[in-house]
$ cat start-v2.cif   # mmCIF, C-alpha atoms
data_coords
#
loop_
_atom_site.label_atom_id
_atom_site.label_comp_id
_atom_site.auth_asym_id
_atom_site.auth_seq_id
_atom_site.Cartn_x
_atom_site.Cartn_y
_atom_site.Cartn_z
CA MET R 1 -46.40 57.27 131.84
CA LYS R 2 -44.22 57.91 128.82
CA ILE R 3 -43.75 55.22 126.16
CA LEU R 4 -41.47 55.05 123.11
CA ALA R 5 -42.71 52.65 120.42
CA ILE R 6 -40.41 51.49 117.60
CA ASN R 7 -41.48 49.60 114.47
CA PRO R 8 -38.61 48.72 112.09
CA GLY R 9 -39.78 47.92 108.56
CA SER R 10 -37.97 46.96 105.38
CA THR R 11 -37.52 50.57 104.16
CA SER R 12 -38.39 52.68 107.21
CA THR R 13 -38.27 52.88 110.97
CA LYS R 14 -41.49 54.20 112.50
CA ILE R 15 -41.47 55.67 115.99
CA ALA R 16 -44.11 57.11 118.29
CA VAL R 17 -44.01 58.73 121.71
CA TYR R 18 -47.06 58.40 123.93
CA GLU R 19 -47.86 60.20 127.18
CA ASP R 20 -50.32 57.69 128.62
CA GLU R 21 -52.87 57.22 125.78
CA THR R 22 -52.00 60.48 124.04
CA PRO R 23 -49.55 60.49 121.10
CA ILE R 24 -47.11 63.41 121.22
CA LEU R 25 -44.95 62.28 118.29
CA VAL R 26 -45.43 59.96 115.33
CA ASN R 27 -42.55 59.87 112.86
CA ASN R 28 -41.80 57.68 109.86
CA ILE R 29 -38.05 57.67 109.16
CA ARG R 30 -37.53 56.59 105.56
CA HIS R 31 -34.38 54.75 104.48
CA THR R 32 -32.95 54.92 100.98
CA VAL R 33 -31.77 51.89 99.06
CA GLU R 34 -28.27 53.39 99.11
CA GLU R 35 -28.30 53.68 102.92
CA LEU R 36 -29.44 50.10 103.45
CA SER R 37 -27.09 48.70 100.81
CA GLU R 38 -24.19 49.47 103.15
CA PHE R 39 -25.33 46.64 105.43
CA PRO R 40 -24.84 43.07 104.12
CA ARG R 41 -27.33 41.70 106.66
CA ILE R 42 -30.38 43.26 108.28
CA ILE R 43 -28.93 42.59 111.73
CA ASP R 44 -26.05 44.91 110.80
CA GLN R 45 -28.51 47.82 110.57
CA PHE R 46 -28.97 47.84 114.34
CA GLU R 47 -26.66 50.74 115.24
CA PHE R 48 -27.74 52.73 112.17
CA ARG R 49 -31.43 52.53 113.05
CA LYS R 50 -30.90 53.01 116.79
CA ASN R 51 -29.02 56.24 116.17
CA LEU R 52 -31.72 57.45 113.76
CA VAL R 53 -34.29 57.02 116.53
CA LEU R 54 -32.18 59.07 118.93
CA ASP R 55 -31.58 61.73 116.28
CA ALA R 56 -35.30 61.97 115.52
CA LEU R 57 -36.17 62.48 119.19
CA GLU R 58 -33.49 65.15 119.53
CA ALA R 59 -34.66 66.92 116.36
CA LYS R 60 -38.21 67.10 117.76
CA GLY R 61 -36.98 68.33 121.15
CA ILE R 62 -38.33 65.30 123.01
CA PRO R 63 -36.26 64.43 126.11
CA PHE R 64 -34.90 60.91 126.18
CA ASP R 65 -36.83 59.91 129.31
CA PHE R 66 -39.24 56.96 129.16
CA ASP R 67 -40.94 54.49 131.47
CA ALA R 68 -40.88 51.81 128.78
CA ILE R 69 -39.59 51.25 125.26
CA VAL R 70 -41.52 48.76 123.17
CA GLY R 71 -40.33 47.35 119.85
CA ARG R 72 -42.03 45.37 117.15
CA GLY R 73 -41.49 41.71 117.88
CA GLY R 74 -39.16 39.71 115.67
CA LEU R 75 -39.23 36.25 114.12
CA LEU R 76 -38.64 34.33 117.31
CA LYS R 77 -39.80 30.83 118.20
CA PRO R 78 -43.58 30.34 118.16
CA ILE R 79 -45.21 31.90 121.24
CA PRO R 80 -48.72 32.81 122.41
CA GLY R 81 -49.85 36.39 121.92
CA GLY R 82 -49.37 39.11 124.53
CA VAL R 83 -46.76 41.44 126.01
CA TYR R 84 -43.25 40.09 126.62
CA GLU R 85 -40.41 41.73 128.49
CA VAL R 86 -37.19 41.56 126.50
CA ASN R 87 -34.75 39.16 128.16
CA ASP R 88 -31.46 37.43 127.35
CA ALA R 89 -33.18 34.37 125.90
CA MET R 90 -35.08 36.56 123.42
CA LEU R 91 -31.98 38.52 122.43
CA ASP R 92 -30.02 35.31 121.91
CA ASP R 93 -32.74 33.81 119.72
CA ILE R 94 -32.94 36.99 117.62
CA ALA R 95 -29.17 36.98 117.17
CA HIS R 96 -29.51 33.48 115.68
CA ALA R 97 -32.88 33.90 113.99
CA MET R 98 -33.59 31.43 111.17
CA ARG R 99 -35.37 34.12 109.13
CA SER R 100 -34.10 37.59 108.33
CA HIS R 101 -36.52 40.53 108.58
CA ALA R 102 -36.28 44.14 109.76
CA CYS R 103 -38.76 43.39 112.56
CA ASN R 104 -35.97 41.39 114.24
CA LEU R 105 -34.38 44.73 115.15
CA GLY R 106 -37.32 45.84 117.30
CA CYS R 107 -36.40 44.07 120.53
CA LEU R 108 -32.69 44.77 120.02
CA ILE R 109 -33.21 48.53 119.73
CA ALA R 110 -35.73 48.60 122.59
CA ALA R 111 -33.39 46.69 124.90
CA GLU R 112 -30.34 48.80 124.04
CA LEU R 113 -32.14 52.12 124.51
CA ALA R 114 -33.76 50.98 127.78
CA THR R 115 -30.32 50.30 129.27
CA LEU R 116 -29.48 54.00 128.81
CA LEU R 117 -32.22 54.97 131.26
CA HIS R 118 -32.84 54.32 134.94
CA ASP R 119 -35.77 52.00 135.65
CA CYS R 120 -36.94 51.80 132.04
CA ARG R 121 -38.36 48.49 130.79
CA ALA R 122 -38.13 47.00 127.31
CA PHE R 123 -41.05 45.09 125.79
CA ILE R 124 -42.37 43.53 122.62
CA ALA R 125 -46.02 42.75 121.91
CA ASP R 126 -47.80 40.29 119.62
CA PRO R 127 -44.85 39.48 117.32
CA GLY R 128 -45.41 37.96 113.89
CA VAL R 129 -44.67 34.46 115.21
CA VAL R 130 -47.65 34.39 117.58
CA ASP R 131 -48.93 30.82 117.42
CA GLU R 132 -52.37 30.00 118.80
CA LEU R 133 -53.37 27.46 116.15
CA GLU R 134 -55.79 24.69 116.92
CA GLU R 135 -53.88 21.41 116.75
CA VAL R 136 -55.98 20.21 113.81
CA ALA R 137 -54.83 23.28 111.85
CA ARG R 138 -51.14 22.31 112.13
CA ILE R 139 -51.36 19.06 110.21
CA THR R 140 -50.34 18.92 106.55
CA GLY R 141 -50.00 15.98 104.18
CA SER R 142 -46.34 15.61 105.21
CA PRO R 143 -45.22 15.00 108.83
CA LEU R 144 -41.97 16.75 107.84
CA MET R 145 -43.75 20.05 107.20
CA PRO R 146 -46.35 21.06 109.79
CA ARG R 147 -48.01 24.45 109.25
CA ILE R 148 -46.41 27.42 110.98
CA THR R 149 -47.69 30.97 111.44
CA ILE R 150 -45.90 34.17 110.45
CA TRP R 151 -48.46 36.92 110.18
CA HIS R 152 -49.49 40.47 111.07
CA ALA R 153 -50.45 39.55 114.61
CA LEU R 154 -49.96 43.01 116.12
CA ASN R 155 -52.13 44.88 113.63
CA GLN R 156 -54.77 42.16 113.32
CA ARG R 157 -55.29 41.97 117.08
CA ALA R 158 -55.25 45.77 117.46
CA ILE R 159 -57.92 46.13 114.76
CA ALA R 160 -60.00 43.33 116.29
CA ARG R 161 -59.91 45.06 119.67
CA ARG R 162 -60.71 48.40 118.04
CA TYR R 163 -63.76 46.90 116.33
CA ALA R 164 -64.90 45.36 119.62
CA ALA R 165 -64.50 48.68 121.50
CA GLU R 166 -66.40 50.62 118.82
CA HIS R 167 -69.34 48.23 119.14
CA ASN R 168 -69.25 47.88 122.95
CA LEU R 169 -68.27 44.25 122.61
CA CYS R 170 -65.56 42.06 124.12
CA TYR R 171 -62.93 40.73 121.71
CA GLU R 172 -62.68 37.56 123.79
CA ASN R 173 -66.35 36.80 123.04
CA LEU R 174 -66.23 37.32 119.26
CA SER R 175 -65.74 35.21 116.14
CA LEU R 176 -63.95 37.34 113.55
CA ILE R 177 -62.08 37.03 110.27
CA VAL R 178 -59.37 39.68 110.06
CA CYS R 179 -57.58 40.23 106.75
CA HIS R 180 -54.38 42.31 106.64
CA LEU R 181 -53.80 43.59 103.10
CA GLY R 182 -50.23 44.84 102.88
CA GLY R 183 -46.95 43.89 101.22
CA GLY R 184 -47.86 40.48 102.59
CA ILE R 185 -51.41 39.26 103.17
CA SER R 186 -52.52 37.38 106.28
CA ILE R 187 -56.03 36.11 106.93
CA GLY R 188 -56.66 35.29 110.58
CA THR R 189 -59.54 33.38 112.11
CA HIS R 190 -60.06 34.88 115.57
CA TYR R 191 -62.21 32.87 117.95
CA HIS R 192 -62.81 34.18 121.46
CA GLY R 193 -59.51 36.07 121.69
CA ARG R 194 -57.28 33.53 119.93
CA ALA R 195 -56.13 33.32 116.32
CA ILE R 196 -56.96 29.65 115.85
CA ASP R 197 -55.99 29.58 112.16
CA VAL R 198 -53.90 31.94 110.02
CA ASN R 199 -51.67 31.57 106.98
CA ASN R 200 -47.89 31.93 106.87
CA ALA R 201 -47.83 35.33 105.16
CA LEU R 202 -44.03 35.56 104.90
CA ASP R 203 -42.75 32.59 102.96
CA GLY R 204 -45.36 30.65 101.13
CA GLU R 205 -49.00 30.20 102.09
CA GLY R 206 -52.26 31.91 101.26
CA PRO R 207 -52.99 34.56 98.60
CA PHE R 208 -50.21 36.11 96.59
CA SER R 209 -49.62 39.74 97.49
CA PRO R 210 -47.71 42.78 96.21
CA GLU R 211 -44.40 41.20 97.28
CA ARG R 212 -45.05 37.53 98.04
CA ALA R 213 -45.93 34.45 96.03
CA GLY R 214 -48.37 32.85 98.46
CA THR R 215 -49.21 29.17 97.92
CA LEU R 216 -47.42 27.69 94.90
CA PRO R 217 -47.80 24.34 93.07
CA ALA R 218 -45.52 22.07 95.11
CA GLY R 219 -44.38 19.86 92.24
CA GLN R 220 -43.45 22.79 89.99
CA LEU R 221 -41.63 24.44 92.88
CA ILE R 222 -39.56 21.30 93.51
CA ASP R 223 -38.70 21.12 89.80
CA LEU R 224 -37.66 24.79 89.79
CA CYS R 225 -35.48 24.29 92.88
CA ASN R 226 -33.66 21.47 91.12
CA SER R 227 -33.41 23.13 87.72
CA GLY R 228 -30.08 24.84 88.44
CA ARG R 229 -31.48 28.12 87.07
CA PHE R 230 -31.44 29.94 90.41
CA THR R 231 -29.45 30.00 93.63
CA ARG R 232 -31.15 29.33 96.96
CA ASP R 233 -31.23 33.05 97.77
CA GLU R 234 -32.65 33.88 94.35
CA LEU R 235 -35.41 31.33 94.84
CA LYS R 236 -36.20 32.76 98.28
CA LYS R 237 -36.64 36.16 96.63
CA ARG R 238 -39.06 34.61 94.15
CA ILE R 239 -41.22 33.58 97.09
CA SER R 240 -40.90 36.68 99.27
CA GLY R 241 -39.72 40.09 98.12
CA SER R 242 -39.70 39.84 94.33
CA ALA R 243 -42.90 37.85 93.88
CA GLY R 244 -46.61 38.57 93.58
CA LEU R 245 -47.67 41.80 91.88
CA THR R 246 -44.08 42.98 91.45
CA ALA R 247 -43.13 39.76 89.61
CA HIS R 248 -46.15 39.97 87.31
CA LEU R 249 -46.39 43.72 86.81
CA GLY R 250 -43.07 45.25 87.90
CA THR R 251 -44.54 47.29 90.75
CA THR R 252 -46.13 46.87 94.19
CA ASP R 253 -48.01 50.18 93.90
CA VAL R 254 -51.72 49.38 93.62
CA GLN R 255 -52.56 52.95 92.58
CA VAL R 256 -50.18 52.66 89.62
CA ILE R 257 -51.70 49.31 88.65
CA VAL R 258 -55.26 50.64 88.87
CA LYS R 259 -54.27 53.57 86.64
CA ARG R 260 -52.89 51.10 84.10
CA ILE R 261 -56.17 49.19 84.24
CA GLU R 262 -58.14 52.41 83.67
CA GLU R 263 -55.95 53.03 80.63
CA GLY R 264 -56.89 49.64 79.19
CA ASP R 265 -54.14 47.28 80.45
CA LYS R 266 -56.00 43.94 80.47
CA HIS R 267 -53.06 41.94 81.81
CA ALA R 268 -52.79 44.23 84.84
CA GLU R 269 -56.54 43.84 85.38
CA LEU R 270 -56.29 40.05 85.23
CA VAL R 271 -53.40 39.87 87.73
CA LEU R 272 -54.94 42.29 90.26
CA ASP R 273 -58.31 40.55 90.01
CA ALA R 274 -56.55 37.21 90.54
CA MET R 275 -55.05 38.51 93.80
CA ILE R 276 -58.49 39.71 94.93
CA TYR R 277 -59.95 36.30 93.95
CA GLN R 278 -57.33 34.51 96.07
CA ILE R 279 -57.98 36.79 99.06
CA ALA R 280 -61.71 36.10 98.83
CA ARG R 281 -61.05 32.37 98.58
CA GLY R 282 -58.92 32.58 101.73
CA VAL R 283 -61.66 34.45 103.60
CA GLY R 284 -64.14 31.82 102.49
CA ALA R 285 -61.89 29.07 103.81
CA SER R 286 -61.66 30.87 107.16
CA ALA R 287 -65.45 30.97 107.30
CA THR R 288 -65.50 27.17 107.37
CA VAL R 289 -63.19 27.18 110.40
CA LEU R 290 -65.90 29.12 112.26
CA CYS R 291 -68.65 26.91 110.81
CA GLY R 292 -70.10 30.02 109.19
CA LYS R 293 -70.81 31.72 112.54
CA ILE R 294 -68.95 35.00 111.94
CA ASP R 295 -69.63 38.22 113.82
CA ALA R 296 -67.69 40.38 111.35
CA ILE R 297 -65.01 40.45 108.67
CA LEU R 298 -62.39 43.17 109.20
CA LEU R 299 -60.24 44.43 106.32
CA THR R 300 -57.10 46.36 107.20
CA GLY R 301 -53.60 47.20 105.91
CA GLY R 302 -52.33 49.57 103.25
CA MET R 303 -54.30 48.06 100.36
CA ALA R 304 -57.55 48.63 102.26
CA HIS R 305 -57.25 52.24 101.01
CA SER R 306 -57.95 50.98 97.48
CA ASP R 307 -61.60 51.29 96.42
CA TYR R 308 -60.83 48.98 93.48
CA ILE R 309 -59.71 46.16 95.78
CA ILE R 310 -62.24 46.65 98.56
CA SER R 311 -65.27 46.98 96.28
CA ARG R 312 -64.43 43.79 94.36
CA LEU R 313 -63.55 41.91 97.52
CA LYS R 314 -66.87 42.87 99.08
CA GLU R 315 -68.70 41.54 96.03
CA ARG R 316 -67.27 38.10 96.71
CA ILE R 317 -67.46 37.87 100.53
CA SER R 318 -70.25 40.18 101.74
CA PHE R 319 -72.69 37.25 101.97
CA LEU R 320 -70.60 35.76 104.78
CA ALA R 321 -70.84 38.48 107.43
CA PRO R 322 -70.87 42.27 107.92
CA ILE R 323 -67.65 43.85 106.61
CA TYR R 324 -65.76 46.71 108.29
CA VAL R 325 -62.78 48.44 106.69
CA TYR R 326 -59.86 49.89 108.68
CA PRO R 327 -57.34 51.21 106.12
CA GLY R 328 -53.68 51.42 107.06
CA GLU R 329 -51.99 50.03 110.14
CA ASP R 330 -52.42 50.72 113.84
CA GLU R 331 -49.20 49.08 114.97
CA LEU R 332 -47.42 51.96 116.75
CA GLU R 333 -50.49 52.74 118.83
CA ALA R 334 -50.95 49.03 119.52
CA LEU R 335 -47.34 48.72 120.72
CA ALA R 336 -47.67 51.76 122.99
CA LEU R 337 -51.00 50.70 124.48
CA ASN R 338 -49.71 47.17 125.10
CA ALA R 339 -46.71 48.56 126.98
CA LEU R 340 -48.91 50.96 128.91
CA GLY R 341 -51.27 48.15 129.87
CA ALA R 342 -48.32 46.06 131.07
CA LEU R 343 -46.94 48.89 133.23
CA ARG R 344 -50.37 49.52 134.75
CA GLY R 345 -50.88 45.85 135.56
CA GLU R 346 -53.84 45.61 133.17
CA LEU R 347 -52.06 43.11 130.90
CA PRO R 348 -49.91 40.20 132.11
CA ILE R 349 -46.21 40.41 131.28
CA GLN R 350 -45.20 37.12 129.73
CA ILE R 351 -41.76 35.53 130.07
CA TYR R 352 -40.00 34.46 126.89
CA GLN R 353 -38.25 31.11 127.34
#
$ encode --input "start-v2.cif" --output "structure tokens"
Amino acid sequence: MKILAINPGSTSTKIAVYEDETPILVNNIRHTVEELSEFPRIIDQFEFRKNLVLDALEAKGIPFDFDAIVGRGGLLKPIPGGVYEVNDAMLDDIAHAMRSHACNLGCLIAAELATLLHDCRAFIADPGVVDELEEVARITGSPLMPRITIWHALNQRAIARRYAAEHNLCYENLSLIVCHLGGGISIGTHYHGRAIDVNNALDGEGPFSPERAGTLPAGQLIDLCNSGRFTRDELKKRISGSAGLTAHLGTTDVQVIVKRIEEGDKHAELVLDAMIYQIARGVGASATVLCGKIDAILLTGGMAHSDYIISRLKERISFLAPIYVYPGEDELEALALNALGALRGELPIQIYQ
């Protein structure tokens, strides 16, 4: 079976072609600021990105002939994890999504391309809105603001399953803490195949990250919102996009920051160590959810390549459980294998409603 996987990100569109479990193409199509500036809204990038996918396949001489096309899931309503076939209800919700993110384009592109082929199905898998929280984890101090989850569900679950396979274990029998260290940071508590607690990594919960502010002092935030200094959109940017390391240090590039630290920049050292401190504190909080009974802690995402971050993080959390590091992301493979499992009848195909 032949699968096309599509993962739209903020500055790139990643694609992969799989023949059963074997990748025959992996391509990262980069987008310039100038290209994206032509589109006032992310949703307006749909045709642009769709055509880039078709052009990339043609350039590599890969026939446009697939059994399934699977896209990264968008910011839909909260749903359990799994594989979903794209339907009209999903497309309508994405067209009116409350939050704007490039991942919203995944199901749109998959559905559009699938219609160009005979008997080709369109799927998404484990979108960022996967919600499997225990009920006790939803409650906050205000009934007006229950906790919600927006996180790296696809990569976290793929890495958890990869760890289980490598150790001849079953993911559904494990208690894991999985920490995705990317432009946003999500820390998931996985208990017997469900993410029973995880922070909202997009717009304001958990550690600060290269691009995001994480949890902020509520009173100061209210005062800032009412100060008249910033518009609503400007304030949103100060929570997600222009926050975290980039707000403090003017860059999201950890390698650049580490070099500055090596050259004696004490402020850069303080800020990066503060981010590591907050990550460790979040992992420690997740340990209490599992009552300290943790099979493993898994560290993944782009920042897991950094020896500076991983070594210091291990110093703080290694007493909790064995730590395994999986640098980078496994999302394209995860998308393809989810679609393949659905076509083979190995994974149930869920209905989005």
$ residues_around --input "start-v2.cif" --residues "Pro322 of chain R" --least-positions-apart "4" --cutoff "7 Å" --atoms "all atoms listed in the file" --output "ChimeraX atom specification"
/R:296-297,318
$ resolve_selection --input "start-v2.cif" --expression "the PyMOL selection byres ((chain R and resi 24-30) around 10)" --output "VMD selection string"
chain R and resid 2 4 to 23 31 to 33 49 52 to 53 56 to 57 60 62 332 to 333
$ resolve_selection --input "start-v2.cif" --expression "the PyMOL selection byres ((chain R and resi 257-265) around 12)" --output "PyMOL selection string"
chain R and resi 210+245-246+248-256+266-273+303+306-309
$ write_last_selection --input "start-v2.cif" --atoms "C-alpha atoms" --output "PDB file, in the frame of the given file"
ATOM      1  CA  PRO R 210     -47.710  42.780  96.210  1.00  0.00           C
ATOM      2  CA  LEU R 245     -47.670  41.800  91.880  1.00  0.00           C
ATOM      3  CA  THR R 246     -44.080  42.980  91.450  1.00  0.00           C
ATOM      4  CA  HIS R 248     -46.150  39.970  87.310  1.00  0.00           C
ATOM      5  CA  LEU R 249     -46.390  43.720  86.810  1.00  0.00           C
ATOM      6  CA  GLY R 250     -43.070  45.250  87.900  1.00  0.00           C
ATOM      7  CA  THR R 251     -44.540  47.290  90.750  1.00  0.00           C
ATOM      8  CA  THR R 252     -46.130  46.870  94.190  1.00  0.00           C
ATOM      9  CA  ASP R 253     -48.010  50.180  93.900  1.00  0.00           C
ATOM     10  CA  VAL R 254     -51.720  49.380  93.620  1.00  0.00           C
ATOM     11  CA  GLN R 255     -52.560  52.950  92.580  1.00  0.00           C
ATOM     12  CA  VAL R 256     -50.180  52.660  89.620  1.00  0.00           C
ATOM     13  CA  LYS R 266     -56.000  43.940  80.470  1.00  0.00           C
ATOM     14  CA  HIS R 267     -53.060  41.940  81.810  1.00  0.00           C
ATOM     15  CA  ALA R 268     -52.790  44.230  84.840  1.00  0.00           C
ATOM     16  CA  GLU R 269     -56.540  43.840  85.380  1.00  0.00           C
ATOM     17  CA  LEU R 270     -56.290  40.050  85.230  1.00  0.00           C
ATOM     18  CA  VAL R 271     -53.400  39.870  87.730  1.00  0.00           C
ATOM     19  CA  LEU R 272     -54.940  42.290  90.260  1.00  0.00           C
ATOM     20  CA  ASP R 273     -58.310  40.550  90.010  1.00  0.00           C
ATOM     21  CA  MET R 303     -54.300  48.060 100.360  1.00  0.00           C
ATOM     22  CA  SER R 306     -57.950  50.980  97.480  1.00  0.00           C
ATOM     23  CA  ASP R 307     -61.600  51.290  96.420  1.00  0.00           C
ATOM     24  CA  TYR R 308     -60.830  48.980  93.480  1.00  0.00           C
ATOM     25  CA  ILE R 309     -59.710  46.160  95.780  1.00  0.00           C
TER      26      ILE R 309
END
$ atom_distance --input "start-v2.cif" --atom1 "atom CA of Ile187 of chain R" --atom2 "atom CA of Arg41 of chain R"
29.2 Å
$ resolve_selection --input "start-v2.cif" --expression "the PyMOL selection byres ((chain R and resi 113) around 10)" --output "list in words"
Leu4, Lys50, Asn51, Val53, Leu54, Phe64, Phe66, Ala68, Ile69, Cys107, Leu108, Ile109, Ala110, Ala111, Glu112, Ala114, Thr115, Leu116, Leu117, Cys120, Arg121 and Ala122 of chain R
$ closest_residue --input "start-v2.cif" --among "R:Asn200, R:Asn168, R:Ser311, R:Ser227" --to "Asp131 of chain R" --atoms "all atoms listed in the file"
R:Asn200
$ residues_around --input "start-v2.cif" --residues "Cys179 of chain R" --least-positions-apart "2" --cutoff "7 Å" --atoms "all atoms listed in the file" --output "list in words"
Ile177, Leu181, Ser186, Ile187, Gly188, Leu298, Leu299 and Thr300 of chain R
$ residues_around --input "start-v2.cif" --residues "segment 73-81 of chain R" --least-positions-apart "4" --cutoff "6 Å" --atoms "all atoms listed in the file" --output "NGL selection string"
:R and (103-104 or 106 or 124 or 126-127 or 129-132)
$ residues_around --input "start-v2.cif" --residues "Cys225 of chain R" --least-positions-apart "4" --cutoff "12 Å" --atoms "only C-alpha atoms" --output "PDB file with C-alpha atoms, in the coordinates of the input"
ATOM      1  CA  ALA R 218     -45.520  22.070  95.110  1.00  0.00           C
ATOM      2  CA  GLY R 219     -44.380  19.860  92.240  1.00  0.00           C
ATOM      3  CA  GLN R 220     -43.450  22.790  89.990  1.00  0.00           C
ATOM      4  CA  LEU R 221     -41.630  24.440  92.880  1.00  0.00           C
ATOM      5  CA  ARG R 229     -31.480  28.120  87.070  1.00  0.00           C
ATOM      6  CA  PHE R 230     -31.440  29.940  90.410  1.00  0.00           C
ATOM      7  CA  THR R 231     -29.450  30.000  93.630  1.00  0.00           C
ATOM      8  CA  ARG R 232     -31.150  29.330  96.960  1.00  0.00           C
ATOM      9  CA  ASP R 233     -31.230  33.050  97.770  1.00  0.00           C
ATOM     10  CA  GLU R 234     -32.650  33.880  94.350  1.00  0.00           C
ATOM     11  CA  LEU R 235     -35.410  31.330  94.840  1.00  0.00           C
ATOM     12  CA  LYS R 236     -36.200  32.760  98.280  1.00  0.00           C
ATOM     13  CA  ARG R 238     -39.060  34.610  94.150  1.00  0.00           C
ATOM     14  CA  ILE R 239     -41.220  33.580  97.090  1.00  0.00           C
TER      15      ILE R 239
END
